[in-house]
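Chemist: Take a look at run-v9.txt, compact mmCIF, C-alpha atoms and all ligand atoms:
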# COMPACT_ATOMS: atom_id res chain seq x y z
CA MET A 1 187.65 250.15 137.86
CA ALA A 2 191.07 250.85 139.39
CA GLY A 3 192.59 251.49 135.98
CA VAL A 4 190.06 254.12 134.94
CA ALA A 5 191.39 257.68 134.98
CA PHE A 6 189.68 260.89 133.91
CA HIS A 7 191.00 264.09 132.49
CA SER A 8 190.02 266.98 134.79
CA THR A 9 187.66 268.61 132.23
CA GLU A 10 185.93 265.27 131.77
CA LEU A 11 185.53 265.05 135.52
CA LEU A 12 184.09 268.56 135.60
CA ILE A 13 181.58 267.70 132.88
CA ILE A 14 180.51 264.58 134.74
CA PHE A 15 180.23 266.57 137.98
CA LEU A 16 178.05 269.23 136.33
CA ALA A 17 175.86 266.60 134.69
CA VAL A 18 175.34 264.77 137.97
CA SER A 19 174.68 267.93 139.99
CA SER A 20 172.17 269.36 137.52
CA PHE A 21 170.39 266.03 137.53
CA VAL A 22 170.26 266.13 141.33
CA VAL A 23 169.05 269.73 141.47
CA ASN A 24 166.32 269.43 138.89
CA CYS A 25 164.89 265.98 139.34
CA CYS A 26 163.74 263.74 142.02
CA PRO A 27 165.53 260.39 141.93
CA PRO A 28 163.94 257.96 139.45
CA SER A 29 163.31 255.54 142.30
CA ASP A 30 161.29 258.18 144.19
CA ARG A 31 159.37 259.00 141.04
CA ALA A 32 158.60 255.32 140.48
CA ALA A 33 157.41 255.00 144.09
CA LEU A 34 155.14 258.04 143.69
CA SER A 35 153.70 256.63 140.46
CA ALA A 36 152.88 253.35 142.17
CA PHE A 37 151.41 255.28 145.14
CA LYS A 38 149.23 257.30 142.74
CA SER A 39 148.02 254.28 140.77
CA ALA A 40 146.59 252.68 143.94
CA LEU A 41 144.38 255.75 144.52
CA HIS A 42 141.43 257.15 142.61
CA GLU A 43 140.44 260.82 142.95
CA PRO A 44 137.64 261.54 140.47
CA TYR A 45 136.50 265.10 141.25
CA ILE A 46 139.37 267.54 141.83
CA GLY A 47 142.08 266.13 139.63
CA ILE A 48 144.96 266.54 142.08
CA PHE A 49 146.99 263.78 140.43
CA ASN A 50 146.87 265.45 137.01
CA SER A 51 149.90 267.44 138.10
CA TRP A 52 151.90 264.28 138.83
CA THR A 53 153.53 264.13 135.40
CA GLY A 54 157.01 264.77 134.04
CA ASN A 55 160.34 263.83 135.55
CA ASP A 56 160.75 266.42 138.26
CA CYS A 57 158.47 265.30 141.06
CA CYS A 58 160.02 267.96 143.32
CA HIS A 59 158.34 270.79 141.44
CA ASN A 60 154.65 271.32 140.80
CA TRP A 61 153.55 267.84 141.73
CA TYR A 62 150.55 268.75 143.85
CA GLY A 63 151.18 267.89 147.51
CA VAL A 64 154.73 266.60 147.00
CA SER A 65 157.77 268.35 148.39
CA CYS A 66 161.41 267.39 148.52
CA ASP A 67 164.28 267.80 150.92
CA LEU A 68 166.26 270.90 149.88
CA GLU A 69 169.60 269.18 150.41
CA THR A 70 169.07 265.63 149.27
CA HIS A 71 166.41 266.45 146.63
CA GLN A 72 164.52 263.36 147.69
CA VAL A 73 160.80 263.27 148.42
CA ALA A 74 160.27 264.41 152.00
CA GLU A 75 156.55 265.14 152.25
CA ILE A 76 153.28 264.04 150.74
CA THR A 77 150.46 266.30 151.91
CA LEU A 78 147.04 265.66 150.39
CA ARG A 79 144.09 267.04 152.35
CA GLY A 80 140.54 266.37 151.19
CA LYS A 81 139.28 269.49 152.97
CA SER A 82 141.35 272.37 151.74
CA GLU A 83 141.14 276.06 150.91
CA ASP A 84 143.41 275.46 147.94
CA PRO A 85 142.21 277.12 144.68
CA ILE A 86 141.81 273.79 142.92
CA PHE A 87 139.25 272.82 145.56
CA GLN A 88 137.50 276.18 145.25
CA ARG A 89 137.28 275.75 141.49
CA ALA A 90 135.76 272.30 141.96
CA HIS A 91 133.25 273.70 144.50
CA ARG A 92 133.50 270.60 146.66
CA THR A 93 135.59 268.75 149.19
CA GLY A 94 137.69 265.84 148.15
CA TYR A 95 136.78 262.24 147.79
CA MET A 96 139.29 259.52 147.10
CA THR A 97 139.11 255.76 147.01
CA GLY A 98 141.77 253.09 146.78
CA PHE A 99 144.47 252.24 149.28
CA ILE A 100 147.88 253.37 150.48
CA SER A 101 150.36 251.44 148.37
CA SER A 102 153.36 249.92 150.12
CA ALA A 103 155.36 251.73 147.43
CA VAL A 104 155.28 254.67 149.86
CA CYS A 105 157.87 252.74 151.90
CA LYS A 106 160.29 253.13 148.98
CA LEU A 107 160.61 256.86 149.69
CA PRO A 108 163.54 256.57 152.12
CA HIS A 109 163.57 260.26 153.10
CA LEU A 110 159.84 260.63 153.65
CA SER A 111 159.28 262.62 156.84
CA SER A 112 155.59 263.43 156.53
CA LEU A 113 152.66 261.51 155.09
CA THR A 114 149.40 263.45 155.37
CA LEU A 115 146.39 261.95 153.64
CA THR A 116 143.37 263.37 155.45
CA ASP A 117 139.61 263.70 154.99
CA TRP A 118 139.28 261.81 151.72
CA GLU A 119 136.43 259.77 153.21
CA GLY A 120 136.97 256.76 150.96
CA ILE A 121 140.59 255.58 151.23
CA SER A 122 140.45 252.05 152.60
CA GLY A 123 142.85 249.17 153.13
CA GLU A 124 145.51 248.98 155.81
CA ILE A 125 148.34 251.19 156.94
CA PRO A 126 151.19 249.47 155.05
CA PRO A 127 153.20 247.66 157.76
CA CYS A 128 156.45 248.53 155.99
CA ILE A 129 155.85 252.17 156.94
CA THR A 130 157.76 251.47 160.15
CA SER A 131 160.92 251.12 158.05
CA LEU A 132 160.91 254.81 157.10
CA PRO A 133 163.63 256.13 159.41
CA PHE A 134 162.82 259.85 159.00
CA LEU A 135 159.05 259.69 159.38
CA ARG A 136 157.84 262.41 161.76
CA ILE A 137 154.22 262.89 160.79
CA LEU A 138 151.71 260.21 159.90
CA ASP A 139 148.25 261.76 159.54
CA LEU A 140 145.54 259.62 157.95
CA THR A 141 142.50 261.19 159.65
CA GLY A 142 139.07 260.87 158.10
CA ASN A 143 139.26 257.88 155.78
CA LYS A 144 138.09 254.26 155.86
CA ILE A 145 141.39 252.72 156.84
CA SER A 146 141.06 249.35 158.55
CA GLY A 147 143.48 246.74 159.85
CA GLU A 148 145.73 247.28 162.83
CA ILE A 149 148.31 249.81 163.92
CA PRO A 150 151.62 248.20 162.78
CA ARG A 151 153.01 246.09 165.63
CA ASP A 152 156.48 247.57 165.37
CA ILE A 153 155.35 251.21 165.16
CA GLY A 154 157.83 251.83 168.01
CA LYS A 155 160.66 251.65 165.46
CA LEU A 156 159.70 255.14 164.25
CA HIS A 157 161.81 256.90 166.83
CA ARG A 158 161.40 260.30 165.13
CA LEU A 159 157.59 260.07 164.91
CA SER A 160 156.02 263.07 166.62
CA VAL A 161 152.47 262.99 165.23
CA LEU A 162 150.42 259.83 164.89
CA ASN A 163 146.92 260.78 163.82
CA ILE A 164 144.57 258.11 162.53
CA ALA A 165 141.31 259.50 163.95
CA ASP A 166 137.98 258.75 162.24
CA ASN A 167 138.84 255.50 160.51
CA TYR A 168 138.07 251.79 161.04
CA VAL A 169 141.36 250.79 162.62
CA SER A 170 140.97 247.80 164.95
CA GLY A 171 143.18 245.62 167.11
CA PRO A 172 145.30 246.65 170.08
CA ILE A 173 147.51 249.62 170.81
CA PRO A 174 150.87 247.92 170.16
CA GLY A 175 153.19 247.56 173.15
CA SER A 176 156.01 248.98 171.05
CA ILE A 177 154.30 252.40 171.23
CA GLY A 178 156.28 253.03 174.41
CA ASN A 179 159.37 253.30 172.20
CA LEU A 180 158.02 256.35 170.34
CA SER A 181 160.26 258.65 172.32
CA SER A 182 159.51 261.68 170.09
CA LEU A 183 155.73 261.30 170.04
CA MET A 184 153.96 264.55 170.93
CA HIS A 185 150.48 264.12 169.51
CA LEU A 186 148.56 260.85 169.45
CA ASP A 187 145.03 260.93 168.04
CA VAL A 188 143.27 257.60 167.45
CA ARG A 189 139.72 258.83 168.21
CA ASN A 190 136.72 257.11 166.67
CA ASN A 191 138.16 253.83 165.50
CA ARG A 192 137.63 250.24 166.65
CA ILE A 193 140.72 249.89 168.78
CA SER A 194 140.38 247.33 171.58
CA GLY A 195 142.46 245.89 174.39
CA PRO A 196 144.19 247.78 177.19
CA ILE A 197 146.28 250.93 177.29
CA PRO A 198 149.81 249.47 177.52
CA ALA A 199 151.58 250.24 180.78
CA CYS A 200 154.60 251.42 178.76
CA PHE A 201 152.53 254.48 177.81
CA GLY A 202 154.27 256.10 180.77
CA ARG A 203 157.49 256.20 178.76
CA LEU A 204 156.13 258.72 176.22
CA HIS A 205 157.88 261.68 177.78
CA MET A 206 157.25 264.06 174.87
CA LEU A 207 153.53 263.34 174.60
CA SER A 208 151.26 266.33 175.15
CA ARG A 209 147.94 265.20 173.64
CA ALA A 210 146.61 261.65 173.95
CA LEU A 211 143.18 261.39 172.35
CA LEU A 212 141.77 257.85 172.45
CA SER A 213 138.02 258.40 172.74
CA GLY A 214 135.39 256.51 170.80
CA ASN A 215 137.04 253.10 170.72
CA GLN A 216 136.60 249.79 172.53
CA ILE A 217 139.57 250.17 174.84
CA SER A 218 139.26 248.09 178.00
CA GLY A 219 141.32 247.38 181.09
CA THR A 220 142.25 249.97 183.69
CA ILE A 221 143.90 253.39 183.41
CA PRO A 222 147.59 252.59 184.01
CA SER A 223 148.89 254.86 186.77
CA SER A 224 152.09 255.10 184.70
CA ILE A 225 150.22 257.66 182.56
CA SER A 226 150.91 260.18 185.28
CA ARG A 227 154.62 259.96 184.39
CA VAL A 228 153.85 261.51 180.97
CA TYR A 229 154.58 264.84 182.60
CA ARG A 230 154.08 267.00 179.48
CA LEU A 231 150.55 265.70 178.95
CA THR A 232 148.01 268.53 178.70
CA ASP A 233 145.07 266.73 177.16
CA LEU A 234 143.96 263.18 177.98
CA ASP A 235 140.74 261.98 176.35
CA LEU A 236 139.74 258.38 177.09
CA SER A 237 135.99 258.95 176.82
CA THR A 238 133.52 256.52 175.26
CA ASN A 239 135.47 253.33 175.79
CA GLN A 240 135.10 250.30 178.07
CA ILE A 241 137.72 251.29 180.62
CA SER A 242 137.17 249.97 184.14
CA GLY A 243 138.71 250.31 187.58
CA PRO A 244 139.53 253.39 189.62
CA ILE A 245 140.80 256.79 188.50
CA PRO A 246 144.48 256.91 189.57
CA ALA A 247 144.83 259.72 192.10
CA SER A 248 148.23 260.49 190.57
CA LEU A 249 146.47 262.04 187.55
CA GLY A 250 145.75 265.00 189.82
CA LYS A 251 149.48 265.54 190.35
CA MET A 252 150.35 265.99 186.68
CA PRO A 253 151.84 269.47 186.21
CA ASP A 254 150.37 270.40 182.82
CA LEU A 255 147.20 268.32 182.56
CA SER A 256 144.31 270.67 181.80
CA THR A 257 141.72 268.53 179.98
CA LEU A 258 140.72 265.14 181.35
CA ASN A 259 137.80 263.40 179.69
CA LEU A 260 137.01 259.97 181.11
CA ASP A 261 133.26 260.16 180.43
CA PHE A 262 131.25 257.20 179.22
CA ASN A 263 133.34 254.37 180.65
CA ARG A 264 132.90 251.66 183.27
CA LEU A 265 135.02 253.11 186.02
CA SER A 266 134.47 252.41 189.69
CA GLY A 267 135.39 253.92 193.01
CA VAL A 268 135.46 257.55 194.03
CA ILE A 269 136.60 260.88 192.60
CA PRO A 270 140.20 261.45 193.76
CA ALA A 271 140.36 264.71 195.72
CA SER A 272 143.64 265.52 193.94
CA LEU A 273 141.74 266.11 190.68
CA LEU A 274 139.73 268.95 192.18
CA THR A 275 142.74 270.99 193.24
CA SER A 276 144.91 270.18 190.21
CA GLY A 277 145.41 272.31 187.11
CA VAL A 278 142.68 270.32 185.32
CA ASN A 279 140.06 272.81 184.18
CA ASN A 280 138.03 270.68 181.78
CA LEU A 281 136.93 267.61 183.67
CA ASN A 282 134.26 265.29 182.32
CA LEU A 283 133.52 262.26 184.49
CA SER A 284 129.93 261.85 183.30
CA LYS A 285 128.55 258.30 182.92
CA THR A 286 131.46 256.56 184.59
CA SER A 287 129.66 254.74 187.47
CA LEU A 288 131.57 256.71 190.11
CA GLU A 289 130.26 256.57 193.66
CA GLY A 290 130.90 258.04 197.09
CA LYS A 291 130.88 261.69 198.02
CA ILE A 292 132.20 264.54 195.89
CA PRO A 293 135.38 265.37 197.87
CA ASP A 294 135.09 268.60 199.85
CA ALA A 295 138.46 269.59 198.50
CA PHE A 296 137.94 272.49 196.11
CA GLY A 297 140.21 275.44 196.75
CA PRO A 298 140.32 279.14 195.89
CA LYS A 299 142.55 278.24 192.91
CA SER A 300 140.16 275.59 191.54
CA TYR A 301 139.09 276.81 188.11
CA PHE A 302 136.80 274.88 185.82
CA MET A 303 135.57 275.71 182.35
CA VAL A 304 133.70 272.40 182.51
CA LEU A 305 132.99 270.19 185.50
CA ASP A 306 130.63 267.44 184.43
CA LEU A 307 129.92 264.79 187.07
CA SER A 308 126.45 263.88 185.78
CA TYR A 309 125.01 260.38 185.46
CA ASN A 310 126.97 258.71 188.26
CA LYS A 311 126.10 257.27 191.66
CA LEU A 312 127.52 260.15 193.68
CA SER A 313 125.92 260.62 197.09
CA GLY A 314 126.05 263.00 200.04
CA PRO A 315 125.84 266.79 199.89
CA ILE A 316 127.22 269.30 197.40
CA PRO A 317 130.61 270.13 199.00
CA ARG A 318 130.80 273.55 200.70
CA THR A 319 134.20 274.34 199.19
CA LEU A 320 132.65 274.28 195.70
CA SER A 321 131.36 277.80 196.36
CA GLY A 322 134.86 279.01 197.17
CA THR A 323 136.32 278.19 193.76
CA SER A 324 137.66 280.99 191.56
CA TYR A 325 135.49 280.09 188.54
CA ILE A 326 133.15 277.39 187.29
CA GLY A 327 131.73 277.98 183.82
CA TYR A 328 129.73 274.82 183.31
CA LEU A 329 128.69 272.52 186.14
CA ASP A 330 126.55 269.41 185.80
CA LEU A 331 125.72 267.37 188.90
CA SER A 332 122.46 265.99 187.55
CA HIS A 333 121.42 262.32 187.63
CA ASN A 334 123.21 261.30 190.83
CA ASN A 335 122.12 260.48 194.41
CA LEU A 336 123.07 263.84 195.92
CA CYS A 337 121.12 265.22 198.87
CA GLY A 338 120.67 268.43 200.83
CA LYS A 339 120.50 272.16 200.19
CA ILE A 340 122.12 273.67 197.10
CA PRO A 341 124.54 276.32 198.47
CA ALA A 342 123.95 280.00 197.69
CA GLY A 343 126.36 282.36 195.94
CA SER A 344 128.78 281.76 193.09
CA PRO A 345 128.82 279.56 191.03
CA PHE A 346 125.33 278.38 191.95
CA ASP A 347 123.59 281.69 191.22
CA HIS A 348 124.31 281.48 187.47
CA LEU A 349 123.30 277.85 186.98
CA ASP A 350 119.89 276.57 186.13
CA ALA A 351 117.89 273.64 187.40
CA SER A 352 119.16 271.20 184.77
CA SER A 353 122.55 271.19 186.52
CA PHE A 354 120.94 269.61 189.59
CA GLU A 355 117.91 267.66 188.40
CA SER A 356 117.29 263.97 189.03
CA ASN A 357 119.10 263.62 192.31
CA LYS A 358 117.93 261.83 195.42
CA CYS A 359 117.00 264.79 197.62
CA LEU A 360 118.65 268.04 196.55
CA CYS A 361 116.58 271.10 197.38
CA GLY A 362 116.52 274.88 197.15
CA LYS A 363 117.15 277.28 194.28
CA PRO A 364 117.41 276.88 191.33
CA LEU A 365 115.33 273.70 191.88
CA LEU A 366 111.64 274.29 192.47
CA ASN A 367 111.38 272.21 195.63
CA ALA A 368 112.18 274.21 198.74
CA CYS A 369 114.15 272.61 201.58
C1 LIG B 1 161.92 249.10 172.26
O1 LIG B 1 163.23 249.41 171.85
C2 LIG B 1 164.22 248.61 172.44
C3 LIG B 1 165.58 249.18 172.08
O2 LIG B 1 165.60 249.57 170.74
C4 LIG B 1 164.03 247.19 172.00
O3 LIG B 1 164.99 246.33 172.59
C5 LIG B 1 162.63 246.73 172.43
O4 LIG B 1 162.37 245.43 171.94
C6 LIG B 1 161.57 247.68 171.91
N1 LIG B 1 160.30 247.33 172.55
C7 LIG B 1 159.25 246.97 171.86
C8 LIG B 1 158.06 246.55 172.66
O5 LIG B 1 159.21 246.96 170.63
C1 LIG B 2 130.51 264.89 179.13
O1 LIG B 2 130.39 263.56 178.66
C2 LIG B 2 129.05 263.17 178.38
C3 LIG B 2 129.06 261.67 178.10
O2 LIG B 2 129.99 261.32 177.12
C4 LIG B 2 128.56 263.98 177.22
O3 LIG B 2 127.23 263.61 176.88
C5 LIG B 2 128.58 265.45 177.65
O4 LIG B 2 128.19 266.28 176.57
C6 LIG B 2 129.98 265.87 178.10
N1 LIG B 2 129.90 267.18 178.74
C7 LIG B 2 130.43 268.26 178.21
C8 LIG B 2 130.23 269.52 178.94
O5 LIG B 2 131.06 268.25 177.16
Write out the structure in this file as structure tokens.

Modeler:
Amino acid sequence: MAGVAFHSTELLIIFLAVSSFVVNCCPPSDRAALSAFKSALHEPYIGIFNSWTGNDCCHNWYGVSCDLETHQVAEITLRGKSEDPIFQRAHRTGYMTGFISSAVCKLPHLSSLTLTDWEGISGEIPPCITSLPFLRILDLTGNKISGEIPRDIGKLHRLSVLNIADNYVSGPIPGSIGNLSSLMHLDVRNNRISGPIPACFGRLHMLSRALLSGNQISGTIPSSISRVYRLTDLDLSTNQISGPIPASLGKMPDLSTLNLDFNRLSGVIPASLLTSGVNNLNLSKTSLEGKIPDAFGPKSYFMVLDLSYNKLSGPIPRTLSGTSYIGYLDLSHNNLCGKIPAGSPFDHLDASSFESNKCLCGKPLLNAC
């Protein structure tokens, strides 16, 4: 090649040819990957893939968009529940079968893969997906995806959204998840995930929502979770988690929703939780025992405080009536005893909040003290 020389006009022509190719078309390798991706899927009702024809996959291919600088495929966004006109014309939500082809891993600039609410997409998350260096969003909610979360998911150091809720994903939460240093939103609700929450969870310093309910997660709540200091929403409900509630959860600066309901916890309610910023607290059906700490303060504010179906004993704490607001309170189905205090919040609650206790008495219950 060293001997090859071009006249400047020839160079200009070549430059223009190359640049117009880059501007107008997606690279043939991206187009080939998209074609293989499409051929593994079957969408019979809306016809979204009918637009995936011609050379320029960056324009008018439904749900495909390209990076403005590199002109490579950056996003695939296909939602089965959409307001888009093609859905309105079809008068129905989407349904798609098939699987996610590993060809998707041949889109080196892919930053977002959203394939939600198609009900019927099955198969596994292609393990090679962890080799996509720019992937930020992986949202596969509402399908029939099975198999495990790729072991080396932690390689995706730009990943900020991992949403695989409402699928059939099984196996453990991989230990490598602690390496997802950009992860902000983790939603794996309603799958078949088992095994413990890895202790390295505490390294997810960007994480604000961790929704893990409706799985078969076991083991204890690692106290390292309290180092995820941006966490606002922690939902571990409906799992098989055991052991005590770490008191350090009550020291988390931004935590506002804590759902631990329907688990196999033990021990007592940490007093720190009742004075923290948590204002949606569901500890129902968690086998907690001991007294409800008499630790509420004038700043305690609860939209929901559900302590029902436990083994809590002793009286209703006096400080509960000094809280600034309690919207919904459920203390039913415990072993509580004594007189229900008067005043707020008790005057706007009905008997169901207190029923089936050992010896509670007074209004709104019918039995006088
Ligand atoms: C996390 O990343 C580090 C550094 O890249 C690596 O050495 C380590 O093996 C990774 N941990 C896991 C569990 O994948
Ligand atoms: C709290 O959790 C229980 C058990 O999972 C559930 O039945 C109840 O509806 C929840 N309470 C609220 C107020 O959401």

Chemist: Please give the centre and size of the box around ligand LIG 1 (chain B) (axis-aligned, containing every atom listed in the file, 5 Å added per side), with values in Å to one decimal and written as lines of an AutoDock Vina configuration file.

Modeler:
center_x = 161.8
center_y = 247.5
center_z = 171.6
size_x = 17.5
size_y = 14.1
size_z = 12.0

Chemist: Using all atoms listed in the file, find the one residue out of A:Pro150, A:Gly362, A:Pro196, A:Gly219 that sits nearest to A:Ser176.

Modeler: A:Pro150

Chemist: Taking only residues of chain A that have an atom at most 12 Å from an atom of ligand LIG 2 (chain B), what is each one's shortest atom pair and its distance in Å to one decimal, using all atoms listed in the file, in chain and number order, as CSV?

Modeler:
residue,atom,partner,partner_atom,distance
A:Ser213,CA,B:LIG2,O2,9.6
A:Gly214,CA,B:LIG2,O2,9.6
A:Asp235,CA,B:LIG2,O1,10.7
A:Leu236,CA,B:LIG2,O2,10.2
A:Ser237,CA,B:LIG2,O2,6.5
A:Thr238,CA,B:LIG2,O2,6.2
A:Asn239,CA,B:LIG2,O2,9.8
A:Thr257,CA,B:LIG2,O5,11.0
A:Leu258,CA,B:LIG2,C1,10.5
A:Asn259,CA,B:LIG2,C1,7.5
A:Leu260,CA,B:LIG2,O1,7.9
A:Asp261,CA,B:LIG2,O1,4.8
A:Phe262,CA,B:LIG2,O2,4.8
A:Asn263,CA,B:LIG2,O2,8.5
A:Arg264,CA,B:LIG2,O2,11.8
A:Asn279,CA,B:LIG2,C8,11.6
A:Asn280,CA,B:LIG2,C8,8.4
A:Leu281,CA,B:LIG2,C1,8.3
A:Asn282,CA,B:LIG2,C1,4.9
A:Leu283,CA,B:LIG2,C1,6.7
A:Ser284,CA,B:LIG2,O1,5.0
A:Lys285,CA,B:LIG2,C3,5.9
A:Thr286,CA,B:LIG2,C3,8.6
A:Ser287,CA,B:LIG2,C3,11.7
A:Phe302,CA,B:LIG2,C8,10.9
A:Met303,CA,B:LIG2,C8,8.9
A:Val304,CA,B:LIG2,C8,5.8
A:Leu305,CA,B:LIG2,C8,7.1
A:Asp306,CA,B:LIG2,N1,5.7
A:Leu307,CA,B:LIG2,C1,8.0
A:Ser308,CA,B:LIG2,C1,7.9
A:Tyr309,CA,B:LIG2,C3,8.5
A:Asn310,CA,B:LIG2,C3,10.8
A:Ile326,CA,B:LIG2,C8,11.8
A:Gly327,CA,B:LIG2,C8,9.9
A:Tyr328,CA,B:LIG2,C8,6.9
A:Leu329,CA,B:LIG2,C8,8.0
A:Asp330,CA,B:LIG2,C8,7.8
A:Leu331,CA,B:LIG2,N1,11.0
A:Ser332,CA,B:LIG2,N1,11.6
A:Ser353,CA,B:LIG2,C8,10.9

Chemist: Could you save the residues just selected, with C-alpha atoms, as an mmCIF file, in the coordinates of the input?

Modeler:
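Saved the output as out06.cif:
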data_model
loop_
_atom_site.group_PDB
_atom_site.id
_atom_site.type_symbol
_atom_site.label_atom_id
_atom_site.label_comp_id
_atom_site.auth_asym_id
_atom_site.auth_seq_id
_atom_site.Cartn_x
_atom_site.Cartn_y
_atom_site.Cartn_z
ATOM 1 C CA SER A 213 138.020 258.400 172.740
ATOM 2 C CA GLY A 214 135.390 256.510 170.800
ATOM 3 C CA ASP A 235 140.740 261.980 176.350
ATOM 4 C CA LEU A 236 139.740 258.380 177.090
ATOM 5 C CA SER A 237 135.990 258.950 176.820
ATOM 6 C CA THR A 238 133.520 256.520 175.260
ATOM 7 C CA ASN A 239 135.470 253.330 175.790
ATOM 8 C CA THR A 257 141.720 268.530 179.980
ATOM 9 C CA LEU A 258 140.720 265.140 181.350
ATOM 10 C CA ASN A 259 137.800 263.400 179.690
ATOM 11 C CA LEU A 260 137.010 259.970 181.110
ATOM 12 C CA ASP A 261 133.260 260.160 180.430
ATOM 13 C CA PHE A 262 131.250 257.200 179.220
ATOM 14 C CA ASN A 263 133.340 254.370 180.650
ATOM 15 C CA ARG A 264 132.900 251.660 183.270
ATOM 16 C CA ASN A 279 140.060 272.810 184.180
ATOM 17 C CA ASN A 280 138.030 270.680 181.780
ATOM 18 C CA LEU A 281 136.930 267.610 183.670
ATOM 19 C CA ASN A 282 134.260 265.290 182.320
ATOM 20 C CA LEU A 283 133.520 262.260 184.490
ATOM 21 C CA SER A 284 129.930 261.850 183.300
ATOM 22 C CA LYS A 285 128.550 258.300 182.920
ATOM 23 C CA THR A 286 131.460 256.560 184.590
ATOM 24 C CA SER A 287 129.660 254.740 187.470
ATOM 25 C CA PHE A 302 136.800 274.880 185.820
ATOM 26 C CA MET A 303 135.570 275.710 182.350
ATOM 27 C CA VAL A 304 133.700 272.400 182.510
ATOM 28 C CA LEU A 305 132.990 270.190 185.500
ATOM 29 C CA ASP A 306 130.630 267.440 184.430
ATOM 30 C CA LEU A 307 129.920 264.790 187.070
ATOM 31 C CA SER A 308 126.450 263.880 185.780
ATOM 32 C CA TYR A 309 125.010 260.380 185.460
ATOM 33 C CA ASN A 310 126.970 258.710 188.260
ATOM 34 C CA ILE A 326 133.150 277.390 187.290
ATOM 35 C CA GLY A 327 131.730 277.980 183.820
ATOM 36 C CA TYR A 328 129.730 274.820 183.310
ATOM 37 C CA LEU A 329 128.690 272.520 186.140
ATOM 38 C CA ASP A 330 126.550 269.410 185.800
ATOM 39 C CA LEU A 331 125.720 267.370 188.900
ATOM 40 C CA SER A 332 122.460 265.990 187.550
ATOM 41 C CA SER A 353 122.550 271.190 186.520
#

Chemist: Name the closest residue to A:Gly120 among the candidates A:Asp67, A:His42, A:Ser170, A:Gly54; distances are taken between atoms, counting only C-alpha atoms.

Modeler: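 Once distances to A:Gly120 are computed over only C-alpha atoms, the minimum belongs to A:His42.
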
Chemist: To one decimal place in Å, what is the distance between atom CA of A:Lys299 and atom CA of A:Phe346?

Modeler: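 Distance reported for this atom pair: 17.2 Å.
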
Chemist: Can you take the partial stretch 200-213 of chain A, add N, CA and C atoms, and return it as a compact mmCIF listing (two decimals), in the coordinates of the input?

Modeler:
# COMPACT_ATOMS: atom_id res chain seq x y z
N CYS A 200 153.42 250.69 179.23
CA CYS A 200 154.60 251.42 178.76
C CYS A 200 154.26 252.81 178.24
N PHE A 201 152.97 253.14 178.19
CA PHE A 201 152.53 254.48 177.81
C PHE A 201 153.27 255.54 178.63
N GLY A 202 153.59 255.18 179.86
CA GLY A 202 154.27 256.10 180.77
C GLY A 202 155.65 256.53 180.29
N ARG A 203 156.16 255.85 179.26
CA ARG A 203 157.49 256.20 178.76
C ARG A 203 157.44 257.28 177.69
N LEU A 204 156.25 257.73 177.31
CA LEU A 204 156.13 258.72 176.22
C LEU A 204 156.34 260.13 176.78
N HIS A 205 157.59 260.44 177.04
CA HIS A 205 157.88 261.68 177.78
C HIS A 205 157.66 262.95 176.99
N MET A 206 157.50 262.86 175.66
CA MET A 206 157.25 264.06 174.87
C MET A 206 155.76 264.28 174.62
N LEU A 207 154.94 263.32 175.00
CA LEU A 207 153.53 263.34 174.60
C LEU A 207 152.77 264.46 175.31
N SER A 208 152.07 265.30 174.51
CA SER A 208 151.26 266.33 175.15
C SER A 208 149.76 266.11 174.94
N ARG A 209 149.37 265.47 173.85
CA ARG A 209 147.94 265.20 173.64
C ARG A 209 147.76 263.72 173.37
N ALA A 210 146.92 263.07 174.14
CA ALA A 210 146.61 261.65 173.95
C ALA A 210 145.10 261.53 173.85
N LEU A 211 144.61 261.40 172.59
CA LEU A 211 143.18 261.39 172.35
C LEU A 211 142.78 260.00 171.88
N LEU A 212 142.08 259.25 172.74
CA LEU A 212 141.77 257.85 172.45
C LEU A 212 140.28 257.56 172.53
N SER A 213 139.46 258.61 172.51
CA SER A 213 138.02 258.40 172.74
C SER A 213 137.34 257.70 171.57
